[in-house]
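Structure file work.cif (mmCIF, C-alpha atoms) follows.
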data_input
loop_
_atom_site.label_atom_id
_atom_site.label_comp_id
_atom_site.auth_asym_id
_atom_site.auth_seq_id
_atom_site.Cartn_x
_atom_site.Cartn_y
_atom_site.Cartn_z
CA MET A 979 -24.32 -42.59 -26.22
CA THR A 980 -21.51 -40.81 -24.37
CA SER A 981 -18.25 -42.45 -23.42
CA ALA A 982 -19.03 -41.99 -19.72
CA LEU A 983 -21.94 -44.41 -19.89
CA PRO A 984 -19.91 -47.65 -20.04
CA ASP A 985 -18.06 -46.56 -16.89
CA LEU A 986 -21.31 -45.81 -15.11
CA ASP A 987 -22.71 -49.11 -16.34
CA GLN A 988 -19.68 -51.01 -15.15
CA ALA A 989 -19.96 -49.57 -11.67
CA ASP A 990 -23.70 -50.22 -11.49
CA VAL A 991 -23.39 -53.76 -12.82
CA ALA A 992 -20.84 -54.52 -10.10
CA LEU A 993 -23.26 -53.24 -7.48
CA ALA A 994 -26.37 -54.82 -9.01
CA VAL A 995 -24.78 -58.25 -9.16
CA THR A 996 -24.37 -58.15 -5.39
CA GLY A 997 -28.07 -57.43 -5.03
CA ASP A 998 -28.23 -53.63 -5.14
CA HIS A 999 -31.55 -52.98 -6.84
CA ALA A 1000 -31.02 -49.20 -6.81
CA ALA A 1001 -28.02 -49.77 -9.08
CA PHE A 1002 -30.11 -52.03 -11.27
CA GLU A 1003 -32.79 -49.35 -11.49
CA ARG A 1004 -30.15 -46.89 -12.70
CA LEU A 1005 -29.16 -49.36 -15.41
CA TYR A 1006 -32.82 -49.71 -16.35
CA ARG A 1007 -33.38 -45.95 -16.61
CA ARG A 1008 -30.25 -45.48 -18.66
CA HIS A 1009 -31.10 -48.15 -21.20
CA VAL A 1010 -34.87 -48.41 -21.31
CA PRO A 1011 -35.42 -45.93 -24.19
CA ARG A 1012 -33.40 -48.00 -26.65
CA VAL A 1013 -34.84 -51.30 -25.43
CA MET A 1014 -38.33 -49.84 -25.73
CA SER A 1015 -37.67 -48.76 -29.32
CA LEU A 1016 -36.35 -52.22 -30.10
CA ALA A 1017 -39.57 -53.71 -28.75
CA ARG A 1018 -41.69 -51.33 -30.79
CA TRP A 1019 -39.83 -52.16 -33.97
CA LEU A 1020 -39.57 -55.89 -33.51
CA LEU A 1021 -42.97 -56.53 -31.94
CA ASP A 1022 -45.01 -53.95 -33.86
CA GLY A 1023 -45.72 -52.15 -30.59
CA GLY A 1024 -48.35 -54.59 -29.37
CA ASP A 1025 -46.66 -56.12 -26.36
CA ALA A 1026 -43.78 -53.69 -26.07
CA ASP A 1027 -44.31 -52.83 -22.39
CA ASP A 1028 -44.57 -56.47 -21.34
CA ALA A 1029 -41.57 -57.41 -23.43
CA VAL A 1030 -39.42 -54.65 -21.94
CA GLN A 1031 -40.39 -55.71 -18.43
CA GLU A 1032 -39.50 -59.29 -19.21
CA VAL A 1033 -36.18 -58.24 -20.72
CA PHE A 1034 -35.09 -56.47 -17.54
CA ILE A 1035 -36.26 -59.28 -15.28
CA ARG A 1036 -34.32 -61.73 -17.47
CA VAL A 1037 -31.27 -59.47 -17.39
CA TRP A 1038 -31.38 -59.36 -13.58
CA GLN A 1039 -31.54 -63.14 -13.47
CA LYS A 1040 -28.64 -63.50 -15.91
CA LEU A 1041 -26.53 -60.65 -14.59
CA HIS A 1042 -24.06 -63.01 -12.93
CA THR A 1043 -23.30 -64.47 -16.38
CA PHE A 1044 -22.28 -61.09 -17.79
CA ALA A 1045 -18.53 -61.43 -18.14
CA GLY A 1046 -17.81 -57.87 -19.20
CA GLN A 1047 -16.25 -58.91 -22.50
CA SER A 1048 -18.59 -56.51 -24.31
CA SER A 1049 -20.27 -53.40 -22.97
CA PHE A 1050 -23.30 -53.91 -20.76
CA GLY A 1051 -25.41 -52.17 -23.41
CA THR A 1052 -24.33 -54.61 -26.11
CA TRP A 1053 -25.01 -57.57 -23.83
CA LEU A 1054 -28.37 -56.17 -22.78
CA HIS A 1055 -29.40 -55.71 -26.40
CA ARG A 1056 -28.42 -59.29 -27.24
CA VAL A 1057 -30.64 -60.53 -24.43
CA ALA A 1058 -33.43 -58.19 -25.57
CA VAL A 1059 -33.25 -59.16 -29.24
CA ASN A 1060 -33.21 -62.89 -28.46
CA LEU A 1061 -36.17 -62.59 -26.14
CA MET A 1062 -38.18 -60.42 -28.52
CA LEU A 1063 -37.60 -62.68 -31.49
CA ARG A 1064 -38.60 -65.65 -29.37
CA LEU A 1065 -41.78 -63.80 -28.44
CA CYS A 1066 -42.42 -63.20 -32.15
CA LYS A 1067 -41.97 -66.88 -32.80
CA ASN A 1068 -44.25 -67.85 -29.95
CA LEU A 1069 -46.84 -65.44 -31.27
CA GLY A 1070 -46.62 -67.24 -34.59
CA LEU A 1071 -45.79 -64.19 -36.63
CA SER A 1072 -45.44 -65.41 -40.18
CA ARG A 1073 -42.18 -65.46 -42.03
CA GLN A 1074 -44.21 -64.48 -45.10
CA ARG A 1075 -43.56 -60.91 -44.09
CA HIS A 1076 -40.17 -61.21 -45.73
CA ALA A 1077 -41.72 -61.43 -49.15
CA ALA A 1078 -41.80 -58.10 -50.94
CA ASP A 1079 -45.27 -56.62 -50.97
CA PRO A 1080 -45.64 -53.68 -53.39
CA ALA A 1081 -49.04 -52.79 -51.95
CA GLU A 1082 -47.48 -52.45 -48.49
CA LEU A 1083 -44.90 -50.04 -49.84
CA GLU A 1084 -47.61 -47.79 -51.20
CA THR A 1085 -48.89 -47.13 -47.69
CA ILE A 1086 -45.63 -45.55 -46.62
CA SER A 1087 -45.75 -41.80 -46.27
CA ALA A 1088 -42.92 -39.37 -45.75
CA PRO A 1089 -42.32 -38.05 -42.23
CA THR A 1090 -43.61 -34.53 -41.69
CA GLU A 1091 -40.66 -33.20 -39.72
CA ARG A 1092 -36.99 -33.90 -39.45
CA PRO A 1093 -35.42 -32.63 -36.21
CA ASP A 1094 -32.20 -34.50 -36.92
CA LEU A 1095 -31.22 -37.55 -38.86
CA ARG A 1096 -31.14 -39.97 -35.91
CA VAL A 1097 -34.61 -39.04 -34.73
CA ALA A 1098 -35.89 -38.98 -38.29
CA ILE A 1099 -34.52 -42.48 -38.87
CA GLU A 1100 -36.20 -43.78 -35.71
CA ARG A 1101 -39.56 -42.49 -36.86
CA ALA A 1102 -39.09 -43.66 -40.42
CA VAL A 1103 -38.13 -47.17 -39.31
CA GLU A 1104 -41.58 -47.57 -37.82
CA GLN A 1105 -43.05 -47.09 -41.27
CA LEU A 1106 -41.04 -49.80 -42.94
CA PRO A 1107 -42.72 -53.06 -43.90
CA ARG A 1108 -42.15 -55.57 -41.14
CA GLY A 1109 -39.64 -57.82 -42.90
CA ALA A 1110 -37.45 -54.96 -44.07
CA ARG A 1111 -37.71 -53.29 -40.66
CA GLU A 1112 -36.55 -56.39 -38.78
CA VAL A 1113 -33.49 -56.81 -40.97
CA PHE A 1114 -32.61 -53.12 -40.86
CA VAL A 1115 -32.94 -53.00 -37.05
CA LEU A 1116 -30.88 -56.13 -36.52
CA HIS A 1117 -28.18 -55.39 -39.10
CA ASP A 1118 -27.75 -51.63 -39.22
CA MET A 1119 -28.96 -50.61 -35.78
CA GLU A 1120 -27.87 -53.59 -33.67
CA GLY A 1121 -24.81 -54.67 -35.63
CA TYR A 1122 -25.61 -58.30 -36.43
CA LYS A 1123 -24.09 -59.92 -39.52
CA HIS A 1124 -26.30 -61.20 -42.33
CA GLU A 1125 -25.64 -64.81 -41.35
CA GLU A 1126 -26.74 -64.06 -37.79
CA VAL A 1127 -29.80 -62.14 -38.94
CA ALA A 1128 -30.73 -64.96 -41.28
CA ALA A 1129 -30.44 -67.53 -38.50
CA MET A 1130 -32.47 -65.41 -36.11
CA LEU A 1131 -35.24 -64.76 -38.58
CA GLU A 1132 -35.08 -68.21 -40.16
CA VAL A 1133 -34.51 -66.87 -43.66
CA ASP A 1134 -31.70 -67.19 -46.20
CA PRO A 1135 -28.76 -64.81 -45.88
CA GLY A 1136 -29.63 -63.69 -49.43
CA THR A 1137 -33.08 -62.67 -48.22
CA SER A 1138 -31.50 -60.73 -45.38
CA ARG A 1139 -29.28 -58.88 -47.86
CA SER A 1140 -32.09 -58.03 -50.25
CA GLN A 1141 -34.37 -56.91 -47.40
CA LEU A 1142 -31.63 -54.71 -46.04
CA HIS A 1143 -31.11 -52.97 -49.36
CA ARG A 1144 -34.84 -52.57 -49.72
CA ALA A 1145 -35.08 -51.07 -46.22
CA ARG A 1146 -32.25 -48.63 -46.83
CA MET A 1147 -33.70 -47.44 -50.12
CA LEU A 1148 -37.14 -47.01 -48.58
CA LEU A 1149 -35.67 -45.09 -45.67
CA ARG A 1150 -33.78 -42.84 -48.06
CA GLN A 1151 -37.06 -42.16 -49.79
CA LEU A 1152 -38.83 -41.50 -46.48
CA LEU A 1153 -36.11 -39.18 -45.26
CA ALA A 1154 -35.94 -37.17 -48.46
CA THR A 1155 -37.16 -33.65 -47.89
CA MET B 401 -28.95 -44.40 -62.62
CA PRO B 402 -29.26 -48.00 -63.88
CA ASP B 403 -30.90 -50.39 -61.38
CA LEU B 404 -28.03 -52.82 -61.92
CA PHE B 405 -25.71 -50.44 -60.10
CA THR B 406 -28.21 -49.07 -57.61
CA ASP B 407 -28.93 -52.56 -56.38
CA GLN B 408 -25.26 -53.04 -55.61
CA LEU B 409 -24.83 -49.96 -53.45
CA SER B 410 -25.74 -51.62 -50.16
CA ALA B 411 -23.44 -54.55 -50.81
CA TYR B 412 -20.71 -52.08 -51.82
CA LEU B 413 -21.05 -50.18 -48.55
CA ASP B 414 -20.96 -53.45 -46.61
CA SER B 415 -17.79 -54.55 -48.49
CA GLU B 416 -19.60 -57.56 -49.85
CA LEU B 417 -18.93 -57.10 -53.58
CA ASP B 418 -16.30 -59.17 -55.29
CA GLU B 419 -13.35 -57.38 -56.82
CA LEU B 420 -14.70 -57.30 -60.36
CA ARG B 421 -18.11 -55.90 -59.43
CA ARG B 422 -16.59 -53.42 -57.03
CA ARG B 423 -14.33 -51.99 -59.74
CA ARG B 424 -17.20 -51.78 -62.23
CA LEU B 425 -19.36 -49.98 -59.74
CA GLU B 426 -16.61 -47.56 -58.81
CA THR B 427 -16.08 -46.77 -62.47
CA HIS B 428 -19.78 -46.08 -62.80
CA LEU B 429 -19.84 -43.94 -59.67
CA GLY B 430 -17.14 -41.80 -61.19
CA GLU B 431 -19.48 -41.01 -64.05
CA CYS B 432 -22.91 -40.91 -62.39
CA ALA B 433 -23.72 -38.05 -59.99
CA GLU B 434 -27.13 -39.53 -59.20
CA CYS B 435 -25.64 -42.82 -57.98
CA ARG B 436 -23.05 -40.90 -55.98
CA ALA B 437 -25.86 -38.96 -54.28
CA VAL B 438 -27.68 -42.19 -53.39
CA LEU B 439 -24.44 -43.66 -52.08
CA GLY B 440 -23.89 -40.60 -49.91
CA ASP B 441 -27.41 -40.81 -48.50
CA LEU B 442 -27.06 -44.51 -47.71
CA ARG B 443 -23.69 -43.96 -46.11
CA ALA B 444 -25.12 -41.26 -43.83
CA LEU B 445 -28.05 -43.51 -42.98
CA ILE B 446 -25.80 -46.43 -42.06
CA ALA B 447 -23.55 -44.20 -39.97
CA ALA B 448 -26.45 -42.73 -37.99
CA ALA B 449 -28.52 -45.89 -37.52
CA PRO B 450 -26.60 -47.51 -34.62
CA ASN B 451 -26.75 -44.30 -32.60
CA TYR B 452 -30.49 -44.19 -32.14
CA ARG B 453 -31.63 -42.68 -28.88
CA GLY B 454 -34.77 -44.67 -28.38
CA ARG B 455 -38.03 -43.55 -26.86
CA GLU B 456 -39.08 -43.53 -23.24
CA PRO B 457 -42.00 -45.84 -22.42
CA LEU B 458 -45.33 -44.06 -22.16
CA ARG B 459 -45.52 -45.14 -18.51
CA ASP B 460 -42.83 -45.93 -15.95
CA LEU B 461 -42.21 -49.67 -16.15
CA TRP B 462 -39.85 -49.89 -13.20
CA PRO B 463 -42.51 -50.49 -10.51
CA ALA B 464 -43.83 -53.45 -12.49
CA ILE B 465 -40.31 -54.79 -13.04
CA GLU B 466 -39.50 -54.43 -9.35
CA ALA B 467 -42.76 -56.18 -8.45
CA GLY B 468 -41.87 -58.97 -10.88
CA LEU B 469 -38.49 -59.45 -9.24
CA GLU B 470 -40.03 -59.56 -5.80
CA GLU B 471 -42.67 -62.01 -6.96
CA LEU B 472 -39.96 -64.32 -8.17
CA GLY B 473 -38.20 -63.96 -4.86
CA ILE B 474 -35.02 -62.87 -6.53
CA LEU B 475 -34.84 -59.25 -5.40
CA PRO B 476 -32.34 -59.30 -2.60
CA ILE B 477 -33.21 -55.96 -1.05
CA THR B 478 -36.80 -55.05 -0.28
CA PRO B 479 -38.01 -51.80 1.22
CA ALA B 480 -38.21 -52.60 4.91
CA GLY B 481 -40.87 -51.34 7.22
CA PRO B 482 -40.62 -51.32 11.00
CA PRO B 483 -40.41 -54.82 12.46
CA ALA B 484 -43.58 -56.34 13.83
CA GLY B 485 -43.97 -59.21 16.23
CA PRO B 486 -41.75 -60.19 19.12
CA PRO B 487 -38.94 -57.86 20.13
CA THR B 488 -35.50 -58.64 18.82
CA ARG B 489 -32.18 -57.01 19.48
CA PHE B 490 -31.79 -55.79 15.89
CA SER B 491 -34.02 -53.95 13.46
CA TRP B 492 -35.05 -55.65 10.24
CA PRO B 493 -33.01 -53.30 8.02
CA GLN B 494 -30.00 -54.01 10.20
CA LEU B 495 -30.47 -57.71 9.68
CA ILE B 496 -30.73 -57.27 5.94
CA ALA B 497 -27.65 -55.10 5.89
CA ALA B 498 -25.85 -57.65 7.99
CA SER B 499 -26.74 -60.46 5.65
CA LEU B 500 -25.57 -58.53 2.59
CA LEU B 501 -22.32 -57.57 4.20
CA MET B 502 -21.80 -61.08 5.45
CA ALA B 503 -22.20 -62.32 1.92
CA ALA B 504 -19.31 -60.15 0.91
CA ILE B 505 -17.02 -61.34 3.66
CA GLY B 506 -18.04 -64.93 3.02
CA GLY B 507 -16.20 -64.75 -0.27
CA GLY B 508 -13.02 -63.34 1.15
CA ALA B 509 -11.89 -60.70 -1.28
CA ALA B 510 -14.86 -60.86 -3.62
CA TRP B 511 -16.53 -57.76 -2.30
CA LEU B 512 -13.30 -55.83 -2.48
CA ALA B 513 -12.61 -57.11 -5.95
CA LEU B 514 -15.96 -55.79 -7.10
CA ARG B 515 -15.46 -52.38 -5.60
CA GLY B 516 -12.56 -50.20 -6.63
CA PRO B 517 -10.16 -48.88 -4.01
CA SER B 518 -11.67 -45.40 -4.38
CA ASP B 519 -15.04 -46.75 -3.20
CA ARG B 520 -13.70 -47.62 0.21
CA PRO B 521 -14.15 -45.00 2.84
CA ALA B 522 -11.00 -43.92 4.60
CA GLY B 523 -10.35 -45.79 7.79
CA ALA B 524 -13.07 -48.30 7.08
CA THR B 525 -10.82 -51.29 6.89
CA ALA B 526 -9.34 -53.69 9.38
CA LEU B 527 -6.63 -56.22 8.85
CA ALA B 528 -7.74 -59.82 9.19
CA PRO B 529 -5.13 -62.04 10.84
CA ASP B 530 -4.71 -64.48 7.97
CA GLY B 531 -6.75 -63.05 5.17
CA PRO B 532 -7.44 -60.03 3.05
CA THR B 533 -8.10 -56.58 4.42
CA ILE B 534 -11.80 -56.30 5.21
CA PRO B 535 -14.01 -53.32 5.98
CA ARG B 536 -14.82 -52.91 9.67
CA SER B 537 -18.48 -52.43 8.79
CA ILE B 538 -18.55 -55.91 7.28
CA ALA B 539 -16.88 -57.47 10.29
CA TYR B 540 -19.41 -55.66 12.47
CA ALA B 541 -22.26 -56.91 10.31
CA GLU B 542 -20.95 -60.45 10.57
CA ALA B 543 -21.11 -60.24 14.34
CA GLN B 544 -24.59 -58.69 14.12
CA TYR B 545 -25.80 -61.42 11.82
CA ASP B 546 -24.52 -64.21 14.04
CA VAL B 547 -26.12 -62.66 17.12
CA ALA B 548 -29.38 -62.03 15.28
CA VAL B 549 -29.58 -65.62 14.07
CA ALA B 550 -28.77 -66.90 17.55
CA ASP B 551 -31.36 -64.54 19.04
CA LEU B 552 -34.13 -65.63 16.69
CA THR B 553 -33.14 -69.29 16.94
CA SER B 554 -33.43 -69.06 20.69
CA ILE B 555 -36.96 -67.57 20.39
CA VAL B 556 -37.98 -70.34 17.99
CA GLU B 557 -36.48 -73.08 20.16
CA GLU B 558 -38.21 -71.82 23.27
CA GLY B 559 -41.57 -71.43 21.56
CA ARG B 560 -41.64 -74.40 19.17
CA SER B 561 -43.86 -76.42 21.51
CA ARG B 562 -46.59 -73.79 20.94
CA LEU B 563 -46.65 -74.49 17.19
CA ASP B 564 -48.37 -77.46 15.58
CA THR B 565 -46.15 -80.35 14.55
CA ALA B 566 -46.66 -79.80 10.80
CA THR B 567 -45.42 -76.21 11.09
CA VAL B 568 -42.44 -77.27 13.17
CA ARG B 569 -41.59 -79.93 10.62
CA VAL B 570 -41.70 -77.38 7.77
CA ILE B 571 -39.49 -74.96 9.70
CA ASP B 572 -36.94 -77.64 10.59
CA GLU B 573 -36.83 -79.00 7.06
CA SER B 574 -36.49 -75.51 5.55
CA LEU B 575 -33.70 -74.62 7.96
CA ARG B 576 -31.91 -77.86 7.15
CA LYS B 577 -32.09 -77.14 3.41
CA ILE B 578 -30.94 -73.54 3.83
CA ASP B 579 -28.01 -74.56 6.04
CA LEU B 580 -27.04 -77.21 3.53
CA ALA B 581 -27.19 -74.73 0.65
CA LEU B 582 -25.17 -72.23 2.69
CA ALA B 583 -22.55 -74.83 3.48
CA GLU B 584 -22.28 -75.86 -0.17
CA ALA B 585 -22.00 -72.27 -1.36
CA ARG B 586 -19.38 -71.47 1.25
CA ALA B 587 -17.38 -74.56 0.31
CA ALA B 588 -17.55 -73.54 -3.35
CA ILE B 589 -16.39 -70.03 -2.45
CA GLN B 590 -13.31 -71.50 -0.83
CA ARG B 591 -12.38 -72.83 -4.28
CA ASP B 592 -13.42 -69.67 -6.17
CA SER B 593 -13.38 -66.71 -3.83
CA THR B 594 -14.12 -64.09 -6.49
CA ASN B 595 -17.19 -65.80 -7.92
CA VAL B 596 -19.94 -63.19 -7.73
CA TYR B 597 -22.70 -65.72 -8.30
CA LEU B 598 -21.62 -67.81 -5.32
CA ASN B 599 -21.49 -64.73 -3.13
CA ARG B 600 -25.00 -63.90 -4.18
CA GLN B 601 -26.08 -67.42 -3.34
CA VAL B 602 -24.64 -67.09 0.14
CA ALA B 603 -26.33 -63.71 0.60
CA ALA B 604 -29.66 -65.06 -0.65
CA ASN B 605 -29.56 -68.08 1.68
CA MET B 606 -28.61 -65.96 4.65
CA ARG B 607 -31.57 -63.72 3.97
CA ARG B 608 -33.81 -66.77 3.62
CA LYS B 609 -32.64 -68.04 6.97
CA LEU B 610 -33.32 -64.72 8.66
CA THR B 611 -36.72 -64.46 6.97
CA LEU B 612 -37.67 -67.97 8.01
CA LEU B 613 -36.57 -67.48 11.61
CA ARG B 614 -38.35 -64.16 11.74
CA ARG B 615 -41.60 -65.68 10.45
CA ALA B 616 -41.34 -68.55 12.88
CA ALA B 617 -40.83 -66.07 15.73
CA ASP B 618 -43.84 -64.09 14.50
CA ALA B 619 -45.94 -67.26 14.46
CA ILE B 620 -44.90 -68.08 18.01
CA ALA B 621 -45.71 -64.54 19.15
CA ARG B 622 -49.23 -64.85 17.74
CA THR B 623 -50.00 -68.03 19.70
#

Entire entry expressed as structure tokens:
Amino acid sequence: MTSALPDLDQADVALAVTGDHAAFERLYRRHVPRVMSLARWLLDGGDADDAVQEVFIRVWQKLHTFAGQSSFGTWLHRVAVNLMLRLCKNLGLSRQRHAADPAELETISAPTERPDLRVAIERAVEQLPRGAREVFVLHDMEGYKHEEVAAMLEVDPGTSRSQLHRARMLLRQLLAT
Amino acid sequence: MPDLFTDQLSAYLDSELDELRRRRLETHLGECAECRAVLGDLRALIAAAPNYRGREPLRDLWPAIEAGLEELGILPITPAGPPAGPPTRFSWPQLIAASLLMAAIGGGAAWLALRGPSDRPAGATALAPDGPTIPRSIAYAEAQYDVAVADLTSIVEEGRSRLDTATVRVIDESLRKIDLALAEARAAIQRDSTNVYLNRQVAANMRRKLTLLRRAADAIART
């Protein structure tokens, strides 16, 4: 993300909050790739399109509450993560996924290409077991603390820590050439 | 590469090891090239992870999002076609523009506070007698809005006898609620002139009033 983006975001948020939907569309186009990836990782891809649509509708509704204390992107991702985890909960996805499953790990295969590390990580994350993936996405990609991750996923902070280490080691393995 | 140390690498990178374990691990790292290599890989991974680019959706989701906003009635600006129904003095886009601009002036300096000085076109401002400097286009829109509302109100008043009583009752009640909401929002703006939410509320209610009057005029024209 370039440093010019927050300035563009700031200008477009100011316009969008007065009802300028062209400005809001610019915000959407600028941020939708990362929100879409979040949806794919947190929702296993199933309802990603619907979730992304709902995120942006929710963001429009809540835009007047955005105080500008963080960047728009950070705020947007908080809204997105909260909504997606709530969707997971509503869908009744089991917390059992946080238990280590050796058989699941066997199904992981190494990525075939590695254009650069960031892209390679994005692809490899999709191959992580669900529990490890959620913690890695929330902690390392979205910047939440273990206590926050634990509260969001309704697990112990210790589980969050162990899943994070597991995710990182698996990713290292996946990214090894 | 003993597992005891490997398992501590993540916590080490996150500064979550206590002093004793940190020193033991660092001593080990000084002796173990394999653990140092793992540490380097994890460090690179952690540094790169927040900067993910993301992937575009397979289809453009914006039309569906826009439709969702319109369905909820919370999209302030809608693509406007040519006006249908009885003739009015102003086009529909002009009325929308007027309502948006009026919303800005309704909050005093709110609009100006939102837009930086560089956004204002040269010569586009006029000095209000007792208030902030306001763009001429907004003052013009205010006049347009007032005339448009008066124009449509006149059409509705003249033709209301041609509508059934239930419809008239709905129109009157809706107008009463909108005017009340407008008055409340305007009063709140007097206490908090830079509140963006309140300005949006005013804009939304002004648009509702225009839409309602327009629909009522359309209904009268069809009788």

Query - Resolved residues for the PyMOL selection byres ((chain A) within 7 of (chain B)) as a PyMOL selection string - result: chain A and resi 992+996-999+1010-1012+1014-1015+1031+1035+1042+1096+1100+1118-1120+1143+1146+1150

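Of note, atom CA of Ala1145 of chain A and atom CA of Leu1106 of chain A are spaced 6.9 Å apart.
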
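Atom CA of Gln988 of chain A to atom CA of Val1059 of chain A spans 21.2 Å [interatomic distance, one decimal].
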
Query raised in the report: With only C-alpha atoms as the basis for distance, which of A:Ala1026, A:Leu986, A:Val991, A:Leu1063 is at the shortest distance from Leu1041 of chain A?
Result: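 For Leu1041 of chain A, the nearest of the given residues is A:Val991.
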
Query raised in the report: Suppose you want the space between atom CA of Asp987 of chain A and atom CA of Gly1051 of chain A; what is it in Å?
Result: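 These atoms are spaced 8.2 Å apart.
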
Report task. Tell me which residues the PyMOL selection byres ((chain B and resi 610) around 9) grabs here, as a PyMOL selection string. Result -> chain B and resi 495-496+499+545+548-549+552+605-609+611-615

Query raised in the report: Which residues fall under the PyMOL selection byres ((chain B and resi 620) around 9) in this file, as a ChimeraX atom specification?
Result: /B:486,555-556,559-560,562-563,615-619,621-623

Written file, previous selection with C-alpha atoms, as a PDB file, in the frame of the given file:
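The resulting part.pdb:
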ATOM      1  CA  PRO B 486     -41.750 -60.190  19.120  1.00  0.00           C
ATOM      2  CA  ILE B 555     -36.960 -67.570  20.390  1.00  0.00           C
ATOM      3  CA  VAL B 556     -37.980 -70.340  17.990  1.00  0.00           C
ATOM      4  CA  GLY B 559     -41.570 -71.430  21.560  1.00  0.00           C
ATOM      5  CA  ARG B 560     -41.640 -74.400  19.170  1.00  0.00           C
ATOM      6  CA  ARG B 562     -46.590 -73.790  20.940  1.00  0.00           C
ATOM      7  CA  LEU B 563     -46.650 -74.490  17.190  1.00  0.00           C
ATOM      8  CA  ARG B 615     -41.600 -65.680  10.450  1.00  0.00           C
ATOM      9  CA  ALA B 616     -41.340 -68.550  12.880  1.00  0.00           C
ATOM     10  CA  ALA B 617     -40.830 -66.070  15.730  1.00  0.00           C
ATOM     11  CA  ASP B 618     -43.840 -64.090  14.500  1.00  0.00           C
ATOM     12  CA  ALA B 619     -45.940 -67.260  14.460  1.00  0.00           C
ATOM     13  CA  ALA B 621     -45.710 -64.540  19.150  1.00  0.00           C
ATOM     14  CA  ARG B 622     -49.230 -64.850  17.740  1.00  0.00           C
ATOM     15  CA  THR B 623     -50.000 -68.030  19.700  1.00  0.00           C
TER      16      THR B 623
END

**Report entry** Minimum-distance residue to Ala1154 of chain A, chosen among A:Ala1128, A:Ile1099, A:Tyr1122, A:Thr1137 (using all atoms listed in the file)
**Finding:**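 For Ala1154 of chain A, the nearest of the given residues is A:Ile1099.
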
Query raised in the report: Which residue gives the smallest distance to Ile578 of chain B among B:Glu426, B:Arg421, B:Val602, B:Asp414, with all atoms listed in the file counted?
Result: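 Distance minimum relative to Ile578 of chain B lands on B:Val602.
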
Extending 4 Å beyond the listed atoms of segment 1039-1045 of chain A on each side, what axis-aligned box results? I want centre and edge lengths in Å to one decimal, as lines of an AutoDock Vina configuration file.
center_x = -25.0
center_y = -62.6
center_z = -15.5
size_x = 21.0
size_y = 11.8
size_z = 13.2

Report task. Identify which of the residues A:Gly1136, A:Trp1019, A:Tyr1006, A:Val995 lies closest to Gln1039 of chain A, counting all atoms listed in the file when measuring atom-to-atom distances. Result ->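 Of the candidates, the smallest distance to Gln1039 of chain A is held by A:Val995.
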